[in-house]
>>> print(open('upload_25.txt').read())   # compact mmCIF, C-alpha atoms and all ligand atoms
# COMPACT_ATOMS: atom_id res chain seq x y z
CA MET A 120 0.00 0.00 0.00
CA ALA A 121 1.28 3.48 -0.84
CA PRO A 122 2.12 5.51 2.26
CA ARG A 123 -0.31 8.16 3.37
CA THR A 124 0.79 11.57 2.06
CA TYR A 125 0.56 14.93 3.81
CA ARG A 126 1.33 18.18 2.05
CA ILE A 127 3.14 20.63 4.30
CA CYS A 128 3.54 24.23 3.22
CA THR A 129 6.89 25.28 4.69
CA LEU A 130 7.64 28.98 5.14
CA PRO A 131 11.32 29.52 6.04
CA GLY A 132 10.98 33.32 6.12
CA ASP A 133 13.90 35.37 7.41
CA GLY A 134 16.89 35.37 9.75
CA ILE A 135 17.45 31.96 11.32
CA GLY A 136 14.21 30.74 9.67
CA PRO A 137 15.81 28.73 6.85
CA GLU A 138 18.29 27.12 9.29
CA ILE A 139 15.71 25.94 11.80
CA ILE A 140 13.07 24.84 9.30
CA ALA A 141 15.66 22.57 7.67
CA GLU A 142 15.88 20.72 10.99
CA ALA A 143 12.08 20.45 11.20
CA LYS A 144 12.08 18.81 7.77
CA LYS A 145 14.76 16.34 8.85
CA VAL A 146 12.65 15.41 11.84
CA LEU A 147 9.53 15.08 9.69
CA ALA A 148 11.33 12.72 7.35
CA ALA A 149 12.32 10.56 10.32
CA VAL A 150 8.76 10.56 11.68
CA GLY A 151 7.48 9.65 8.22
CA ALA A 152 9.85 6.68 7.98
CA ARG A 153 8.70 5.35 11.37
CA HIS A 154 5.00 5.73 10.64
CA ASP A 155 4.86 4.98 6.92
CA VAL A 156 3.74 8.49 6.09
CA GLU A 157 5.16 10.74 3.42
CA PHE A 158 5.47 14.43 4.18
CA VAL A 159 5.75 16.49 1.02
CA CYS A 160 7.22 19.80 2.13
CA THR A 161 7.09 22.72 -0.30
CA ASP A 162 8.93 25.94 0.54
CA GLN A 163 7.07 29.17 -0.13
CA LEU A 164 8.03 32.81 0.32
CA ILE A 165 6.83 34.98 3.20
CA GLY A 166 8.07 38.06 5.04
CA GLY A 167 11.29 39.81 4.06
CA ALA A 168 12.24 36.96 1.72
CA ALA A 169 8.97 37.53 -0.17
CA ILE A 170 9.50 41.30 -0.22
CA ASP A 171 12.97 40.84 -1.73
CA ALA A 172 11.82 38.29 -4.31
CA THR A 173 8.79 40.30 -5.44
CA THR A 174 10.89 43.47 -5.61
CA GLU A 175 13.47 41.71 -7.75
CA ALA A 176 10.74 40.38 -10.04
CA GLY A 177 9.59 43.97 -10.64
CA GLY A 178 6.61 43.96 -8.24
CA PRO A 179 3.93 44.13 -7.04
CA VAL A 180 5.88 43.99 -3.77
CA SER A 181 4.28 41.68 -1.24
CA ALA A 182 5.13 40.02 2.08
CA LEU A 183 2.58 37.31 1.25
CA PRO A 184 2.49 36.53 -2.48
CA ASP A 185 -0.67 34.90 -3.89
CA THR A 186 1.30 31.77 -4.76
CA THR A 187 2.17 31.33 -1.06
CA LEU A 188 -1.41 31.78 0.05
CA GLU A 189 -2.69 29.33 -2.57
CA ALA A 190 -0.09 26.74 -1.54
CA ALA A 191 -1.00 27.24 2.12
CA ARG A 192 -4.70 26.75 1.41
CA ALA A 193 -4.00 23.60 -0.57
CA SER A 194 -1.84 22.06 2.17
CA ASP A 195 -2.66 19.91 5.20
CA ALA A 196 -0.75 22.27 7.48
CA VAL A 197 1.54 25.28 7.36
CA LEU A 198 4.89 25.23 9.11
CA LEU A 199 6.36 28.70 9.54
CA ALA A 200 9.79 29.62 10.91
CA ALA A 201 9.97 33.41 11.49
CA VAL A 202 9.83 36.70 9.63
CA GLY A 203 11.44 40.12 9.99
CA GLY A 204 14.77 41.78 10.53
CA PRO A 205 16.55 45.15 10.45
CA LYS A 206 16.96 44.99 6.67
CA TRP A 207 13.22 45.63 6.25
CA THR A 208 12.37 47.62 9.37
CA ASN A 209 14.91 50.39 8.80
CA THR A 210 13.36 51.34 5.46
CA ASN A 211 11.00 54.26 4.82
CA ALA A 212 7.68 54.52 6.65
CA GLY A 213 5.38 53.55 3.79
CA ALA A 214 7.31 50.38 2.90
CA ILE A 215 5.75 46.94 3.16
CA ARG A 216 7.00 45.10 6.24
CA PRO A 217 7.69 41.39 6.74
CA GLU A 218 5.24 41.17 9.67
CA GLN A 219 2.39 42.14 7.34
CA GLY A 220 2.84 38.77 5.65
CA LEU A 221 2.26 37.00 8.94
CA LEU A 222 -0.82 39.05 9.85
CA ALA A 223 -2.23 38.50 6.36
CA ILE A 224 -1.82 34.72 6.35
CA ARG A 225 -3.41 34.41 9.81
CA LYS A 226 -6.38 36.44 8.62
CA GLU A 227 -6.71 34.66 5.26
CA LEU A 228 -6.67 31.23 6.91
CA GLY A 229 -9.37 32.32 9.38
CA LEU A 230 -7.33 31.35 12.45
CA TYR A 231 -9.37 32.05 15.58
CA LEU A 232 -7.45 30.44 18.39
CA ASN A 233 -3.85 30.39 19.47
CA LEU A 234 -2.14 27.60 21.38
CA ARG A 235 0.84 28.04 23.62
CA PRO A 236 1.98 24.87 25.36
CA VAL A 237 4.34 25.30 28.30
CA ARG A 238 6.09 22.19 29.44
CA MET A 239 8.93 21.73 31.87
CA PHE A 240 12.02 19.97 30.62
CA ARG A 241 13.65 18.60 33.74
CA ALA A 242 17.12 19.09 32.26
CA LEU A 243 16.52 22.84 31.96
CA VAL A 244 15.09 23.55 35.41
CA GLY A 245 18.08 25.77 36.17
CA ALA A 246 17.14 28.19 33.38
CA SER A 247 13.93 29.24 35.12
CA SER A 248 13.75 31.90 37.80
CA LEU A 249 11.18 29.76 39.67
CA LYS A 250 12.20 27.26 42.34
CA PRO A 251 12.71 23.75 40.89
CA GLU A 252 9.98 22.26 43.12
CA LEU A 253 7.42 24.65 41.62
CA LEU A 254 8.26 23.47 38.11
CA GLU A 255 7.76 19.80 38.87
CA GLY A 256 5.04 18.47 36.56
CA VAL A 257 4.39 21.73 34.68
CA ASP A 258 2.63 20.82 31.44
CA LEU A 259 -0.04 23.28 30.47
CA LEU A 260 -1.73 24.42 27.31
CA ILE A 261 -2.93 27.99 26.97
CA VAL A 262 -5.80 28.39 24.50
CA ARG A 263 -6.29 32.03 23.56
CA GLU A 264 -9.24 33.36 21.56
CA LEU A 265 -7.88 35.42 18.66
CA THR A 266 -10.64 37.24 16.81
CA GLY A 267 -12.78 38.98 19.43
CA GLY A 268 -12.44 41.04 22.56
CA LEU A 269 -10.87 44.43 23.07
CA TYR A 270 -8.52 44.26 20.11
CA PHE A 271 -11.37 44.07 17.62
CA GLY A 272 -14.01 46.25 19.32
CA ALA A 273 -14.50 49.96 18.66
CA HIS A 274 -11.58 52.27 19.47
CA GLU A 275 -12.69 55.87 19.94
CA ARG A 276 -11.66 59.26 21.26
CA GLU A 277 -13.92 62.15 22.13
CA TRP A 278 -13.54 65.70 23.36
CA GLY A 279 -15.43 67.44 26.10
CA VAL A 280 -17.41 64.54 27.55
CA GLU A 281 -17.33 63.48 31.16
CA GLY A 282 -15.37 60.37 32.00
CA ALA A 283 -17.12 57.28 33.27
CA GLY A 284 -15.35 57.83 36.57
CA GLY A 285 -17.74 60.76 37.09
CA ASN A 286 -15.04 63.08 38.44
CA GLY A 287 -16.42 66.00 36.46
CA ALA A 288 -13.23 66.56 34.51
CA ARG A 289 -13.52 67.83 30.94
CA GLY A 290 -11.06 67.07 28.19
CA GLU A 291 -10.22 64.16 25.98
CA PHE A 292 -11.58 60.66 26.65
CA ALA A 293 -10.72 57.37 25.02
CA ARG A 294 -12.73 54.17 24.84
CA ASP A 295 -12.00 50.61 23.68
CA THR A 296 -14.91 48.24 23.50
CA MET A 297 -14.73 44.58 24.41
CA GLU A 298 -17.15 42.52 22.36
CA TYR A 299 -17.85 38.80 22.18
CA SER A 300 -20.48 36.72 20.49
CA GLU A 301 -21.72 33.50 22.03
CA TYR A 302 -20.47 31.72 18.94
CA GLU A 303 -16.90 32.99 19.35
CA VAL A 304 -16.79 31.78 22.94
CA GLU A 305 -18.38 28.44 22.14
CA ARG A 306 -15.93 27.41 19.44
CA VAL A 307 -12.82 28.18 21.47
CA VAL A 308 -14.11 26.57 24.68
CA ARG A 309 -15.26 23.50 22.73
CA TRP A 310 -11.77 23.18 21.27
CA ALA A 311 -10.25 23.52 24.76
CA CYS A 312 -12.56 20.78 26.12
CA GLN A 313 -11.68 18.46 23.25
CA ALA A 314 -7.98 19.04 23.88
CA ALA A 315 -8.46 18.44 27.62
CA SER A 316 -10.25 15.16 26.98
CA ARG A 317 -7.05 13.95 25.26
CA ARG A 318 -4.91 15.28 28.11
CA ARG A 319 -5.61 15.32 31.85
CA GLY A 320 -9.28 16.25 31.54
CA ARG A 321 -9.18 19.66 33.20
CA VAL A 322 -10.12 23.05 31.77
CA CYS A 323 -9.59 26.30 33.63
CA SER A 324 -11.65 29.07 32.05
CA VAL A 325 -10.17 32.46 32.86
CA ASP A 326 -12.35 35.59 32.96
CA LYS A 327 -13.17 38.69 34.98
CA ALA A 328 -16.84 37.89 35.56
CA ASN A 329 -17.01 39.98 38.74
CA VAL A 330 -16.63 43.11 36.56
CA LEU A 331 -17.13 42.42 32.86
CA GLU A 332 -20.37 41.56 31.06
CA THR A 333 -18.44 39.76 28.29
CA SER A 334 -16.89 37.62 31.04
CA ARG A 335 -20.29 36.78 32.55
CA MET A 336 -21.44 35.56 29.15
CA TRP A 337 -18.13 33.78 28.65
CA ARG A 338 -18.65 31.90 31.92
CA GLU A 339 -22.23 30.84 31.06
CA VAL A 340 -21.22 29.65 27.61
CA ALA A 341 -18.14 27.89 28.96
CA HIS A 342 -20.25 25.85 31.37
CA ALA A 343 -22.89 25.04 28.75
CA VAL A 344 -20.15 23.76 26.42
CA GLY A 345 -18.36 22.00 29.28
CA ALA A 346 -21.56 20.03 29.98
CA GLU A 347 -21.12 18.33 26.58
CA PHE A 348 -17.90 16.78 27.92
CA PRO A 349 -18.66 14.58 30.95
CA GLU A 350 -15.01 13.45 31.05
CA VAL A 351 -13.78 17.03 31.43
CA THR A 352 -14.03 19.18 34.54
CA ILE A 353 -14.30 22.89 33.93
CA GLU A 354 -13.48 25.45 36.60
CA ASP A 355 -13.46 29.25 36.52
CA MET A 356 -10.72 31.57 37.66
CA TYR A 357 -10.51 35.35 37.69
CA VAL A 358 -7.69 36.60 35.50
CA ASP A 359 -5.95 38.45 38.34
CA ASN A 360 -5.87 35.25 40.38
CA ALA A 361 -4.79 33.22 37.32
CA SER A 362 -1.80 35.48 36.78
CA MET A 363 -0.71 34.82 40.37
CA GLN A 364 -1.41 31.09 40.19
CA LEU A 365 0.70 30.77 37.04
CA VAL A 366 3.83 31.65 38.98
CA ALA A 367 2.76 30.38 42.42
CA ASN A 368 1.59 26.92 41.35
CA PRO A 369 1.81 26.39 37.58
CA ALA A 370 1.56 22.60 37.82
CA GLN A 371 -2.14 22.86 38.77
CA PHE A 372 -3.13 23.76 35.19
CA ASP A 373 -3.94 21.40 32.35
CA VAL A 374 -5.78 23.44 29.70
CA LEU A 375 -6.31 27.13 30.33
CA VAL A 376 -8.80 28.88 28.01
CA THR A 377 -9.36 32.61 27.84
CA GLU A 378 -10.29 35.62 25.71
CA ASN A 379 -7.92 37.53 23.47
CA THR A 380 -6.41 40.21 25.73
CA PHE A 381 -6.14 38.05 28.85
CA GLY A 382 -4.61 35.31 26.70
CA ASP A 383 -2.07 37.68 25.19
CA ILE A 384 -0.80 38.62 28.64
CA LEU A 385 -1.05 35.20 30.31
CA SER A 386 0.69 33.39 27.45
CA ASP A 387 3.66 35.75 27.64
CA GLU A 388 3.77 35.30 31.41
CA ALA A 389 3.60 31.52 31.04
CA SER A 390 6.30 31.50 28.38
CA MET A 391 8.78 32.70 30.98
CA LEU A 392 8.11 29.82 33.37
CA THR A 393 10.53 27.47 31.69
CA GLY A 394 13.12 30.12 31.00
CA SER A 395 14.03 29.68 27.36
CA LEU A 396 12.60 31.28 24.25
CA GLY A 397 14.30 28.73 22.02
CA MET A 398 12.10 25.97 23.49
CA LEU A 399 8.57 27.28 22.93
CA ALA A 400 6.26 26.53 20.06
CA SER A 401 2.85 27.89 19.19
CA ALA A 402 0.00 27.18 16.83
CA SER A 403 -2.89 29.13 15.37
CA LEU A 404 -5.97 27.16 14.42
CA GLY A 405 -9.25 27.74 12.64
CA ASP A 406 -11.71 25.47 10.86
CA GLY A 407 -9.33 24.79 7.96
CA VAL A 408 -5.56 24.72 7.55
CA ALA A 409 -3.61 25.59 10.74
CA LEU A 410 -0.29 27.37 11.18
CA TYR A 411 2.56 26.14 13.39
CA GLU A 412 5.59 28.16 14.41
CA PRO A 413 8.20 28.73 17.11
CA SER A 414 7.28 31.46 19.63
CA HIS A 415 10.53 33.29 19.08
CA GLY A 416 11.38 35.68 16.26
CA SER A 417 13.86 35.55 13.40
CA ALA A 418 16.88 36.26 15.64
CA PRO A 419 18.75 38.30 12.99
CA ASP A 420 21.68 38.73 15.41
CA ILE A 421 22.67 35.06 15.05
CA ALA A 422 21.35 34.32 11.54
CA GLY A 423 23.61 32.38 9.19
CA ARG A 424 25.96 31.20 11.94
CA GLY A 425 24.56 27.71 12.36
CA ILE A 426 24.07 28.13 16.12
CA ALA A 427 20.31 28.75 16.41
CA ASN A 428 18.31 26.41 18.61
CA PRO A 429 15.95 24.39 16.38
CA ILE A 430 13.94 22.89 19.28
CA ALA A 431 11.05 25.39 19.29
CA GLN A 432 10.62 24.74 15.58
CA VAL A 433 10.80 20.97 16.15
CA LEU A 434 8.19 21.27 18.92
CA SER A 435 5.97 23.16 16.45
CA VAL A 436 6.14 19.98 14.35
CA GLU A 437 4.97 18.04 17.41
CA LEU A 438 1.94 20.35 17.63
CA MET A 439 1.26 19.90 13.92
CA LEU A 440 1.33 16.11 14.23
CA ARG A 441 -1.05 16.28 17.18
CA TYR A 442 -3.54 18.93 16.17
CA SER A 443 -3.66 18.86 12.36
CA LEU A 444 -2.64 15.34 11.39
CA GLY A 445 -4.06 13.27 14.24
CA MET A 446 -0.68 11.58 14.79
CA ASP A 447 -0.63 11.67 18.60
CA GLU A 448 1.68 8.70 18.96
CA ALA A 449 4.28 10.28 16.66
CA ALA A 450 3.89 13.57 18.56
CA ASP A 451 4.55 11.77 21.87
CA GLU A 452 7.63 10.10 20.40
CA LEU A 453 8.97 13.41 19.16
CA SER A 454 8.50 15.05 22.52
CA ALA A 455 10.20 12.07 24.19
CA ALA A 456 13.11 12.39 21.76
CA VAL A 457 13.62 16.05 22.65
CA THR A 458 13.42 15.24 26.37
CA ARG A 459 15.99 12.47 25.97
CA VAL A 460 18.44 14.63 24.00
CA LEU A 461 18.27 17.25 26.75
CA ASP A 462 18.53 14.64 29.51
CA GLU A 463 21.69 13.36 27.87
CA GLY A 464 23.10 16.85 28.26
CA TRP A 465 23.07 18.06 24.66
CA ARG A 466 22.56 21.81 24.31
CA THR A 467 22.65 24.62 21.79
CA VAL A 468 24.51 27.73 23.01
CA ASP A 469 21.35 29.57 24.11
CA ILE A 470 20.43 26.81 26.59
CA ALA A 471 23.95 25.88 27.67
CA ASP A 472 25.16 26.95 31.10
CA GLU A 473 28.33 26.74 33.18
CA LEU A 474 27.59 23.05 33.91
CA THR A 475 27.42 22.14 30.22
CA ALA A 476 30.50 20.27 28.99
CA ALA A 477 32.07 22.00 25.99
CA ASP A 478 31.69 18.86 23.85
CA ARG A 479 27.93 18.81 24.52
CA VAL A 480 27.26 22.16 22.84
CA LEU A 481 25.83 21.56 19.38
CA GLY A 482 25.10 23.67 16.33
CA THR A 483 21.66 23.84 14.72
CA SER A 484 22.14 20.93 12.35
CA ALA A 485 23.85 18.65 14.87
CA MET A 486 20.99 19.26 17.32
CA GLY A 487 18.51 18.28 14.59
CA ASP A 488 20.51 15.09 13.95
CA LYS A 489 20.48 14.19 17.67
CA ILE A 490 16.69 14.53 17.80
CA VAL A 491 16.35 12.38 14.66
P1 LIG B 1 9.99 39.18 17.39
O1 LIG B 1 10.74 39.04 16.09
O2 LIG B 1 8.97 38.13 17.59
O3 LIG B 1 9.55 40.57 17.68
P2 LIG B 1 12.30 39.63 18.97
O4 LIG B 1 12.90 40.37 17.85
O5 LIG B 1 12.01 40.33 20.24
O6 LIG B 1 11.03 38.82 18.53
P3 LIG B 1 13.84 37.23 18.64
O7 LIG B 1 14.05 37.43 17.20
O8 LIG B 1 13.06 36.05 19.05
O9 LIG B 1 13.21 38.44 19.39
O10 LIG B 1 15.23 37.21 19.38
C1 LIG B 1 15.41 37.61 20.73
C2 LIG B 1 16.76 37.09 21.25
O11 LIG B 1 16.64 35.68 21.45
C3 LIG B 1 17.89 37.32 20.28
O12 LIG B 1 19.08 37.60 20.96
C4 LIG B 1 18.00 36.00 19.56
O13 LIG B 1 19.29 35.73 19.10
C5 LIG B 1 17.57 34.99 20.63
N1 LIG B 1 16.90 33.84 20.02
C6 LIG B 1 15.64 33.81 19.51
N2 LIG B 1 15.35 32.61 19.00
C7 LIG B 1 16.45 31.85 19.16
C8 LIG B 1 16.79 30.50 18.84
N3 LIG B 1 15.93 29.68 18.22
N4 LIG B 1 18.02 30.05 19.17
C9 LIG B 1 18.89 30.85 19.80
N5 LIG B 1 18.65 32.12 20.14
C10 LIG B 1 17.44 32.63 19.83
MG MG B 2 12.56 39.78 15.79
>>> encode(input="upload_25.txt", output="structure tokens")
Amino acid sequence: MAPRTYRICTLPGDGIGPEIIAEAKKVLAAVGARHDVEFVCTDQLIGGAAIDATTEAGGPVSALPDTTLEAARASDAVLLAAVGGPKWTNTNAGAIRPEQGLLAIRKELGLYLNLRPVRMFRALVGASSLKPELLEGVDLLIVRELTGGLYFGAHEREWGVEGAGGNGARGEFARDTMEYSEYEVERVVRWACQAASRRRGRVCSVDKANVLETSRMWREVAHAVGAEFPEVTIEDMYVDNASMQLVANPAQFDVLVTENTFGDILSDEASMLTGSLGMLASASLGDGVALYEPSHGSAPDIAGRGIANPIAQVLSVELMLRYSLGMDEAADELSAAVTRVLDEGWRTVDIADELTAADRVLGTSAMGDKIV
């Protein structure tokens, strides 16, 4: 029987992007060989690389060419490295910027939730500012709503009206409106419950229902959706408490689901728990093709030197296997491989410390080989 084929749209982008995505492809090939699956990876242009190529071709200049978007839509998943760098940000104000390519592809693919897993690698406990005993067992998944909330409500300024604080002052007032539809809450909470049922069965829904009307609706909807999942327990937590709990007792969380703004802040907070940017992956999902990427940027300062840490990119492959391709077993194996490589003491420079033996510090490609 011919192996099952998956088409992966690979977007190397800028900076260290091409170096780390090469390692992701190596890993995919190894996963494919173990599971009798063929991954057909096709590189497409995005970001600064796309700006340069379209400029050279005589325009129109674009950070997301149509050919890239079409290839992304026709794929089973999109694997992105990173975009951006000083070459394109130091140009004149009206110029197209690499980041526009990223915003455009997220919008075009209709991605409405963002995933940020935070998992403790025992070998790297020393890199965190938290006490080692607090990090024991940390393995949480932040699910952030992406299309609603404050960022997409009305943003207004007015002159001469009285502020809501009722202090009688006159002058300029600004207002940002938080809006949510039942539907937007339902789909993200349903996704979180499904994910939890494949994990440890616990969802923490984070809101500010003591103050916000959107949060009160969020809470009602969350419980209605949660009732569809008897194997999942759903609890509520106020966002102020959640931000404390994340550093006081992060191991208590399994899946944490929240609205756009709260999720923006909590996922950055959570990303610091384990102490290394080079280790964190993220995913953006919708109803169609999803996008997987490392949480870090294009690291132009170390680009082309062969020293970038490919692990965040490799862990984005783990997410892709799990959430787009239904290959949970392969995803577990990949995560175990990364854990083992770290346990054996192998490091890239960014995660090496004074205890790391000099002969255990690997370049990008050698780290990819170890994981394979
Ligand atoms: P963004 O591009 O998302 O705005 P940024 O510019 O703040 O992010 P990065 O490009 O992620 O940040 O780089 C921040 C620092 O972390 C840099 O010094 C960079 O070299 C380092 N860094 C980022 N990713 C990696 C990696 N995979 N391996 C090693 N170092 C990294
Ligand atoms: Mg950057």
>>> closest_residue(input="upload_25.txt", among="A:Glu264, A:Glu332, A:Asp133, A:Asp469", to="Asn233 in chain A", atoms="all atoms listed in the file")
A:Glu264
>>> atom_distance(input="upload_25.txt", atom1="CA of Glu354 in chain A", atom2="CA of Arg338 in chain A")
9.5 Å
>>> closest_atom_pairs(input="upload_25.txt", of="range 227-344 of chain A", to="range 373-383 of chain A", cutoff="8 Å", atoms="all atoms listed in the file", output="tab-separated table")
residue	atom	partner	partner_atom	distance
A:Asp258	CA	A:Asp373	CA	6.7
A:Leu259	CA	A:Asp373	CA	4.7
A:Leu260	CA	A:Val374	CA	4.8
A:Ile261	CA	A:Leu375	CA	4.8
A:Val262	CA	A:Val376	CA	4.6
A:Arg263	CA	A:Gly382	CA	4.8
A:Glu264	CA	A:Asn379	CA	4.8
A:Leu265	CA	A:Asn379	CA	5.3
A:Thr266	CA	A:Asn379	CA	7.2
A:Gly267	CA	A:Asn379	CA	6.5
A:Gly268	CA	A:Asn379	CA	5.8
A:Leu269	CA	A:Thr380	CA	6.7
A:Tyr270	CA	A:Thr380	CA	7.2
A:Val307	CA	A:Val376	CA	7.7
A:Val308	CA	A:Val376	CA	6.7
A:Ala311	CA	A:Val376	CA	6.4
A:Ala314	CA	A:Val374	CA	7.6
A:Ala315	CA	A:Val374	CA	6.0
A:Arg318	CA	A:Asp373	CA	7.5
A:Arg319	CA	A:Asp373	CA	6.3
A:Gly320	CA	A:Asp373	CA	7.5
A:Arg321	CA	A:Asp373	CA	5.6
A:Val322	CA	A:Val374	CA	4.8
A:Cys323	CA	A:Leu375	CA	4.7
A:Ser324	CA	A:Val376	CA	4.9
A:Val325	CA	A:Thr377	CA	5.1
A:Asp326	CA	A:Thr377	CA	6.6
>>> residues_near_ligand(input="upload_25.txt", ligand="ligand MG 2 (chain B)", cutoff="6 Å", atoms="all atoms listed in the file", output="list in words")
Gly203, Gly416, Ser417 and Ala418 of chain A
>>> atom_distance(input="upload_25.txt", atom1="CA of Thr208 in chain A", atom2="CA of His274 in chain A")
26.4 Å
>>> residues_near_ligand(input="upload_25.txt", ligand="ligand LIG 1 (chain B)", cutoff="8 Å", atoms="all atoms listed in the file", output="list in words")
Ile135, Ile139, Ala201, Val202, Gly203, Gly204, Leu396, Gly397, Met398, Pro413, Ser414, His415, Gly416, Ser417, Ala418, Pro419, Asp420, Ile421, Ala422, Ile426, Ala427, Asn428, Pro429, Ile430, Ala431, Gln432, Thr467, Val468 and Asp469 of chain A
>>> closest_residue(input="upload_25.txt", among="A:Tyr357, A:Gln313, A:Glu412, A:Pro349", to="Val330 in chain A", atoms="all atoms listed in the file")
A:Tyr357
>>> residues_around(input="upload_25.txt", residues="Gly345 in chain A", least_positions_apart="5", cutoff="9 Å", atoms="all atoms listed in the file", output="list in words")
Val308, Arg309, Cys312, Val322, Val340, Val351, Thr352 and Ile353 of chain A
>>> write_last_selection(input="upload_25.txt", atoms="C-alpha atoms", output="mmCIF file, in the frame of the given file")
data_model
loop_
_atom_site.group_PDB
_atom_site.id
_atom_site.type_symbol
_atom_site.label_atom_id
_atom_site.label_comp_id
_atom_site.auth_asym_id
_atom_site.auth_seq_id
_atom_site.Cartn_x
_atom_site.Cartn_y
_atom_site.Cartn_z
ATOM 1 C CA VAL A 308 -14.110 26.570 24.680
ATOM 2 C CA ARG A 309 -15.260 23.500 22.730
ATOM 3 C CA CYS A 312 -12.560 20.780 26.120
ATOM 4 C CA VAL A 322 -10.120 23.050 31.770
ATOM 5 C CA VAL A 340 -21.220 29.650 27.610
ATOM 6 C CA VAL A 351 -13.780 17.030 31.430
ATOM 7 C CA THR A 352 -14.030 19.180 34.540
ATOM 8 C CA ILE A 353 -14.300 22.890 33.930
#
>>> closest_residue(input="upload_25.txt", among="A:Ala361, A:His154, A:Ala246, A:Asp462", to="Asp447 in chain A", atoms="all atoms listed in the file")
A:His154
>>> residues_near_point(input="upload_25.txt", point="(0.1, 22.6, 39.0)", cutoff="9 Å", atoms="only C-alpha atoms", output="list of chain:residue names")
A:Leu253, A:Leu254, A:Glu255, A:Gly256, A:Val257, A:Asp258, A:Leu259, A:Gln364, A:Leu365, A:Ala367, A:Asn368, A:Pro369, A:Ala370, A:Gln371, A:Phe372, A:Asp373
>>> atom_distance(input="upload_25.txt", atom1="CA of Val237 in chain A", atom2="CA of Ala141 in chain A")
23.7 Å
>>> closest_residue(input="upload_25.txt", among="A:Val358, A:Cys128, A:Ala196, A:Ile140", to="Thr483 in chain A", atoms="only C-alpha atoms")
A:Ile140
>>> residues_around(input="upload_25.txt", residues="range 169-184 of chain A", least_positions_apart="3", cutoff="6 Å", atoms="only C-alpha atoms", output="list of chain:residue names")
A:Leu164, A:Ile165, A:Gly166, A:Thr187, A:Pro217, A:Gly220
>>> residues_around(input="upload_25.txt", residues="Ala476 in chain A", least_positions_apart="6", cutoff="10 Å", atoms="only C-alpha atoms", output="list in words")
Gly464, Trp465 and Arg466 of chain A
>>> write_last_selection(input="upload_25.txt", atoms="C-alpha atoms", output="short mmCIF file (atom, residue, chain, number, x, y, z; two decimals), in the frame of the given file")
data_model
loop_
_atom_site.label_atom_id
_atom_site.label_comp_id
_atom_site.auth_asym_id
_atom_site.auth_seq_id
_atom_site.Cartn_x
_atom_site.Cartn_y
_atom_site.Cartn_z
CA GLY A 464 23.10 16.85 28.26
CA TRP A 465 23.07 18.06 24.66
CA ARG A 466 22.56 21.81 24.31
#
>>> closest_residue(input="upload_25.txt", among="A:Glu227, A:Glu275, A:Glu463, A:Glu142", to="Ala409 in chain A", atoms="all atoms listed in the file")
A:Glu227
>>> residues_around(input="upload_25.txt", residues="Glu388 in chain A", least_positions_apart="3", cutoff="9 Å", atoms="all atoms listed in the file", output="number ranges by chain")
A: 362, 365-366, 383-385, 391-392
>>> residues_around(input="upload_25.txt", residues="Ala273 in chain A", least_positions_apart="6", cutoff="12 Å", atoms="only C-alpha atoms", output="PyMOL selection string")
chain A and resi 267+293-298
>>> closest_residue(input="upload_25.txt", among="A:Ala214, A:Val156, A:Val408, A:Ala328", to="Ala191 in chain A", atoms="all atoms listed in the file")
A:Val408
